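Contents: one structure, followed by commentary.
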Amino acid sequence: MKLRILSLALVMTSLISCSSDDTSVNETNSSNYFPLTTGNEWNYNNSSVVEGESENTNNETLTATTENNNAYSFSSSANMLERGIITGILVNGNLSKQNGKLVYNGQYMIDLSFYGMENLSIPINNLTVYDVNASAGDQLSTLSNTIDQTFNLQGQDIPLTMTYSLNTQQNEILESYTVNNVSYENVLKSTLSVNLAVDASVAIITLPLLEEQEVLTSSNYYAADIGLIYSENSVSYNFEDLSQFDIPTLNPINVNTTQSIDTYTVQ
């Protein structure tokens with residue numbers, strides 16, 4: 001009898017110990033993956049490759065400049081064409097933190113200058129960039145809308161209807177991640193994607209100028225107590241040939257870009 005009671009006690013102790021370990025594993029993640037303080041700076045090495053052309057590189061410094069109701073704005077040392085995808089988005093809006101979430105408000109500018117067109121501005125409201133308490137694979141935000149705008153396309157005014165959606169997804173938290181031969185610990189990964197479809201109005205008909213497709217895929221890595229350390233992006237536009245309807249032909253564009261952290265000063 002004593003042996004049976006002792007065995008039962010050992011089993012109960014083991015179960016209690018396992019339960020305690022599980023609780024500690026599932027505790028709320030308190031890591032700070034993007035320190036937001038006025039004056040914080042991140043210096044990046046930027047690279048971009050347009051399909052069929054040589055690589056372009058430049059350096060960029062992102063600075064947290066102003067704070068308003070815990071929302072932080074940013075400035076960049078690079079001009080619009082030399083900014084990285086993510087830093088370009090950040091300087092056109094602000095970041096705030098809400099219950100473990102990094103939230104962006106502002107606009108995403110689609111650069112159409114290589115087509116001789118005005119840039120397209122997509123408003124972004126309350127987009128969750130990452131959530132430290134989410135699980136890998138969780139959908140964080142989905143924003144969608146339609147914009148009607150007339151563009152001057154190679155000297156011809158054409159009304160366009162653009163339907164877009166932005167999506168963010170939580171990925172894994174990595175024990176370490178290496179950038180420029182430097183290993184960073186406790187790194188959170190999240191992704192951003194932009195889908196776009198464009199219809200052109202010609203006389204009384206509507207034609208698909210850009211079939212619905214993913215025009216931006218962005219994978220971003222944030223290190224605890226540092227911020228964004230690496231960003232990998234793919235931009236792609238594959239337009240339909242509507243030359244038979246007197247709409248100028250738009251060549252496809254495929255661009256791959258990266259941003260790699262060099263140095264940083266954060267508080």
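In the structure tokens, each chain is lettered A, B, ... as it comes, each chain's residues begin at 1, and ligands are numbered from 1 in order of appearance.
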Show me, as a PyMOL selection string, the residues that have an atom within 8 Å of Asn59 of chain A when counting only C-alpha atoms, minus same-chain residues fewer than 3 positions from it. chain A and resi 43-46+78
Please dump the current selection as a PDB file, in the first residue's frame; keep C-alpha atoms.
```pdb
ATOM      1  CA  ASN A  43      21.512  52.244 -41.066  1.00  0.00           C
ATOM      2  CA  TYR A  44      20.863  49.880 -43.972  1.00  0.00           C
ATOM      3  CA  ASN A  45      22.650  48.569 -47.026  1.00  0.00           C
ATOM      4  CA  ASN A  46      20.076  48.545 -49.829  1.00  0.00           C
ATOM      5  CA  ALA A  78      17.617  58.470 -49.226  1.00  0.00           C
TER       6      ALA A  78
END
```
Would you list, as a PDB file with N, CA and C atoms, in the first residue's frame, the residues of segment 40-122 of chain A that end up in alpha helix (DSSP H) under DSSP run on this structure's backbone?
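result16.pdb was written with the following content:
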```pdb
ATOM      1  N   ILE A  85      11.866  49.128 -49.675  1.00  0.00           N
ATOM      2  CA  ILE A  85      10.410  48.994 -49.703  1.00  0.00           C
ATOM      3  C   ILE A  85       9.807  49.356 -48.348  1.00  0.00           C
ATOM      4  N   ILE A  86      10.311  48.756 -47.281  1.00  0.00           N
ATOM      5  CA  ILE A  86       9.718  48.973 -45.956  1.00  0.00           C
ATOM      6  C   ILE A  86      10.031  50.358 -45.423  1.00  0.00           C
ATOM      7  N   THR A  87      11.271  50.819 -45.558  1.00  0.00           N
ATOM      8  CA  THR A  87      11.584  52.171 -45.078  1.00  0.00           C
ATOM      9  C   THR A  87      10.804  53.214 -45.872  1.00  0.00           C
ATOM     10  N   GLY A  88      10.569  52.929 -47.162  1.00  0.00           N
ATOM     11  CA  GLY A  88       9.752  53.843 -47.964  1.00  0.00           C
ATOM     12  C   GLY A  88       8.332  53.924 -47.451  1.00  0.00           C
ATOM     13  N   ILE A  89       7.795  52.795 -46.990  1.00  0.00           N
ATOM     14  CA  ILE A  89       6.457  52.802 -46.403  1.00  0.00           C
ATOM     15  C   ILE A  89       6.452  53.555 -45.081  1.00  0.00           C
ATOM     16  N   LEU A  90       7.490  53.344 -44.271  1.00  0.00           N
ATOM     17  CA  LEU A  90       7.521  53.961 -42.935  1.00  0.00           C
ATOM     18  C   LEU A  90       7.562  55.482 -42.992  1.00  0.00           C
TER      19      LEU A  90
END
```
Got a sec: who's within 7 Å of Ser96 of chain A, counting only C-alpha atoms, leaving out chain neighbours fewer than 4 positions off, as a ChimeraX atom specification? /A:70-72,102-104
Near-segment 256-265 of chain A list (8 Å; only C-alpha atoms; drop same-chain fewer than 2 positions) as a list in words: Asn40, Glu41, Trp42, Asn43, Tyr44, Asn45, Asn46, Ser47, Ser48, Val49, Val50, Gly84, Ile85, Val179, Asn180, Ile226, Leu228, Ile229, Tyr230, Ser231, Glu232, Asn233, Ser234, Val235, Asn254 and Gln267 of chain A
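Between Phe245 of chain A and the residues A:Pro208, A:Gly155, A:Gly93, A:Gly137, the shortest atom-to-atom distance, using only C-alpha atoms, involves A:Pro208.
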Can you check which residues of segment 13-238 of chain A DSSP gives as strand (DSSP E) on the backbone and send them as JSON, numbers by chain? {"A": [41, 42, 43, 44, 45, 46, 47, 48, 49, 50, 56, 57, 58, 59, 60, 61, 62, 63, 64, 65, 66, 67, 68, 71, 72, 73, 74, 75, 76, 93, 94, 95, 96, 97, 98, 101, 102, 103, 104, 105, 106, 107, 108, 109, 110, 120, 121, 122, 123, 124, 125, 126, 127, 128, 129, 130, 131, 139, 140, 141, 142, 143, 144, 145, 146, 147, 148, 149, 150, 151, 152, 153, 156, 157, 158, 159, 160, 161, 162, 163, 164, 165, 166, 167, 168, 169, 170, 171, 172, 173, 174, 175, 176, 177, 178, 179, 182, 183, 184, 185, 186, 187, 188, 189, 190, 191, 192, 193, 194, 195, 196, 197, 198, 199, 200, 201, 202, 205, 206, 207, 208, 209, 210, 211, 212, 213, 214, 215, 216, 217, 218, 219, 220, 221, 222, 223, 227, 228, 229, 230, 231, 232, 233, 234, 235, 236, 237]}
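Non-sequential neighbours of segment 196-199 of chain A (distance at most 8 Å, separation of 6 or more positions within a chain, only C-alpha atoms) are Leu160, Thr161, Met162, Thr163, Tyr164, Ser165, Thr206, Leu207, Pro208, Leu209, Leu210, Glu211, Glu212, Gln213, Glu214 and Val215 of chain A.
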Output the selection as a short mmCIF file (atom, residue, chain, number, x, y, z; two decimals), in the first residue's frame - all heavy atoms for each residue.
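Saved file result-v4.cif follows:
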```
data_model
loop_
_atom_site.label_atom_id
_atom_site.label_comp_id
_atom_site.auth_asym_id
_atom_site.auth_seq_id
_atom_site.Cartn_x
_atom_site.Cartn_y
_atom_site.Cartn_z
N LEU A 160 -8.70 54.44 -65.08
CA LEU A 160 -8.34 53.13 -64.57
C LEU A 160 -9.06 52.85 -63.26
O LEU A 160 -9.26 53.76 -62.44
CB LEU A 160 -6.82 53.04 -64.33
CG LEU A 160 -5.91 53.24 -65.55
CD1 LEU A 160 -4.45 53.15 -65.12
CD2 LEU A 160 -6.21 52.23 -66.64
N THR A 161 -9.46 51.61 -63.08
CA THR A 161 -10.05 51.15 -61.82
C THR A 161 -9.10 50.13 -61.21
O THR A 161 -8.81 49.10 -61.83
CB THR A 161 -11.43 50.53 -62.03
OG1 THR A 161 -12.32 51.51 -62.56
CG2 THR A 161 -11.99 50.00 -60.71
N MET A 162 -8.59 50.44 -60.02
CA MET A 162 -7.61 49.58 -59.37
C MET A 162 -8.21 48.95 -58.11
O MET A 162 -8.68 49.66 -57.23
CB MET A 162 -6.36 50.38 -59.03
CG MET A 162 -5.56 50.78 -60.26
SD MET A 162 -4.69 52.33 -60.07
CE MET A 162 -6.05 53.50 -60.10
N THR A 163 -8.21 47.65 -58.06
CA THR A 163 -8.70 46.92 -56.89
C THR A 163 -7.50 46.28 -56.21
O THR A 163 -6.72 45.56 -56.85
CB THR A 163 -9.71 45.84 -57.30
OG1 THR A 163 -10.79 46.46 -58.01
CG2 THR A 163 -10.24 45.11 -56.09
N TYR A 164 -7.33 46.56 -54.92
CA TYR A 164 -6.14 46.08 -54.22
C TYR A 164 -6.51 45.44 -52.89
O TYR A 164 -7.59 45.66 -52.33
CB TYR A 164 -5.16 47.24 -53.96
CG TYR A 164 -5.69 48.28 -53.00
CD1 TYR A 164 -5.55 48.12 -51.62
CD2 TYR A 164 -6.34 49.41 -53.46
CE1 TYR A 164 -6.04 49.07 -50.74
CE2 TYR A 164 -6.83 50.37 -52.59
CZ TYR A 164 -6.67 50.20 -51.23
OH TYR A 164 -7.17 51.13 -50.36
N SER A 165 -5.59 44.63 -52.40
CA SER A 165 -5.69 44.10 -51.04
C SER A 165 -4.28 43.99 -50.46
O SER A 165 -3.33 43.64 -51.18
CB SER A 165 -6.38 42.73 -51.01
OG SER A 165 -5.60 41.76 -51.67
N THR A 206 -14.84 47.88 -70.66
CA THR A 206 -13.81 47.80 -69.63
C THR A 206 -12.92 46.60 -69.93
O THR A 206 -13.40 45.48 -70.14
CB THR A 206 -14.43 47.65 -68.24
OG1 THR A 206 -15.25 48.80 -67.97
CG2 THR A 206 -13.35 47.55 -67.17
N LEU A 207 -11.62 46.85 -69.94
CA LEU A 207 -10.66 45.81 -70.30
C LEU A 207 -9.67 45.58 -69.16
O LEU A 207 -9.25 46.54 -68.49
CB LEU A 207 -9.88 46.23 -71.56
CG LEU A 207 -10.72 46.52 -72.81
CD1 LEU A 207 -9.84 47.17 -73.88
CD2 LEU A 207 -11.33 45.23 -73.35
N PRO A 208 -9.28 44.33 -68.92
CA PRO A 208 -8.30 44.06 -67.86
C PRO A 208 -6.89 44.42 -68.32
O PRO A 208 -6.31 43.76 -69.19
CB PRO A 208 -8.44 42.55 -67.65
CG PRO A 208 -8.91 42.02 -68.97
CD PRO A 208 -9.76 43.10 -69.58
N LEU A 209 -6.35 45.49 -67.74
CA LEU A 209 -4.99 45.91 -68.06
C LEU A 209 -3.96 45.11 -67.24
O LEU A 209 -2.89 44.75 -67.74
CB LEU A 209 -4.82 47.41 -67.80
CG LEU A 209 -3.45 48.01 -68.07
CD1 LEU A 209 -3.06 47.82 -69.54
CD2 LEU A 209 -3.43 49.49 -67.71
N LEU A 210 -4.33 44.83 -65.99
CA LEU A 210 -3.49 44.02 -65.11
C LEU A 210 -4.39 43.00 -64.43
O LEU A 210 -5.21 43.36 -63.58
CB LEU A 210 -2.79 44.89 -64.07
CG LEU A 210 -1.83 44.18 -63.11
CD1 LEU A 210 -0.51 43.85 -63.81
CD2 LEU A 210 -1.57 45.01 -61.86
N GLU A 211 -4.28 41.75 -64.85
CA GLU A 211 -5.05 40.71 -64.19
C GLU A 211 -4.63 40.63 -62.72
O GLU A 211 -3.48 40.91 -62.38
CB GLU A 211 -4.82 39.36 -64.87
CG GLU A 211 -5.35 39.26 -66.29
CD GLU A 211 -6.85 39.04 -66.36
OE1 GLU A 211 -7.51 39.06 -65.28
OE2 GLU A 211 -7.38 38.86 -67.47
N GLU A 212 -5.56 40.25 -61.84
CA GLU A 212 -5.24 40.21 -60.42
C GLU A 212 -4.00 39.36 -60.18
O GLU A 212 -3.90 38.21 -60.61
CB GLU A 212 -6.41 39.64 -59.61
CG GLU A 212 -6.13 39.63 -58.13
CD GLU A 212 -7.29 39.10 -57.31
OE1 GLU A 212 -8.35 38.80 -57.90
OE2 GLU A 212 -7.13 38.96 -56.09
N GLN A 213 -3.04 39.95 -59.48
CA GLN A 213 -1.78 39.26 -59.20
C GLN A 213 -1.12 39.88 -57.97
O GLN A 213 -1.43 40.99 -57.56
CB GLN A 213 -0.84 39.34 -60.40
CG GLN A 213 -0.49 40.74 -60.82
CD GLN A 213 0.19 40.78 -62.18
OE1 GLN A 213 1.40 40.97 -62.27
NE2 GLN A 213 -0.60 40.59 -63.25
N GLU A 214 -0.19 39.13 -57.41
CA GLU A 214 0.56 39.62 -56.25
C GLU A 214 1.71 40.47 -56.78
O GLU A 214 2.65 39.96 -57.37
CB GLU A 214 1.09 38.43 -55.44
CG GLU A 214 1.61 38.82 -54.06
CD GLU A 214 1.83 37.60 -53.18
OE1 GLU A 214 2.88 36.95 -53.34
OE2 GLU A 214 0.94 37.29 -52.36
N VAL A 215 1.62 41.78 -56.55
CA VAL A 215 2.63 42.69 -57.09
C VAL A 215 3.76 42.95 -56.09
O VAL A 215 4.82 43.46 -56.47
CB VAL A 215 1.99 44.03 -57.52
CG1 VAL A 215 0.99 43.81 -58.65
CG2 VAL A 215 1.33 44.74 -56.35
#
```
Rows by chain and residue number, segment 110-179 of chain A within 12 Å of segment 219-224 of chain A, shortest pair, only C-alpha atoms, as a Markdown table:
```
| residue | atom | partner | partner_atom | distance |
| --- | --- | --- | --- | --- |
| A:Val129 | CA | A:Asn220 | CA | 9.5 |
| A:Tyr130 | CA | A:Tyr222 | CA | 9.4 |
| A:Asp131 | CA | A:Tyr222 | CA | 11.6 |
| A:Val132 | CA | A:Ala224 | CA | 10.7 |
| A:Asn167 | CA | A:Ser219 | CA | 12.0 |
| A:Thr168 | CA | A:Ser219 | CA | 9.9 |
| A:Gln169 | CA | A:Ser219 | CA | 9.7 |
| A:Gln170 | CA | A:Asn220 | CA | 10.2 |
| A:Asn171 | CA | A:Ser219 | CA | 9.3 |
| A:Glu172 | CA | A:Tyr221 | CA | 10.0 |
| A:Ile173 | CA | A:Tyr221 | CA | 9.2 |
| A:Leu174 | CA | A:Ala223 | CA | 9.3 |
| A:Glu175 | CA | A:Ala223 | CA | 10.0 |
| A:Ser176 | CA | A:Ala223 | CA | 8.7 |
| A:Tyr177 | CA | A:Tyr221 | CA | 8.5 |
| A:Thr178 | CA | A:Tyr221 | CA | 10.4 |
| A:Val179 | CA | A:Tyr221 | CA | 10.0 |
```
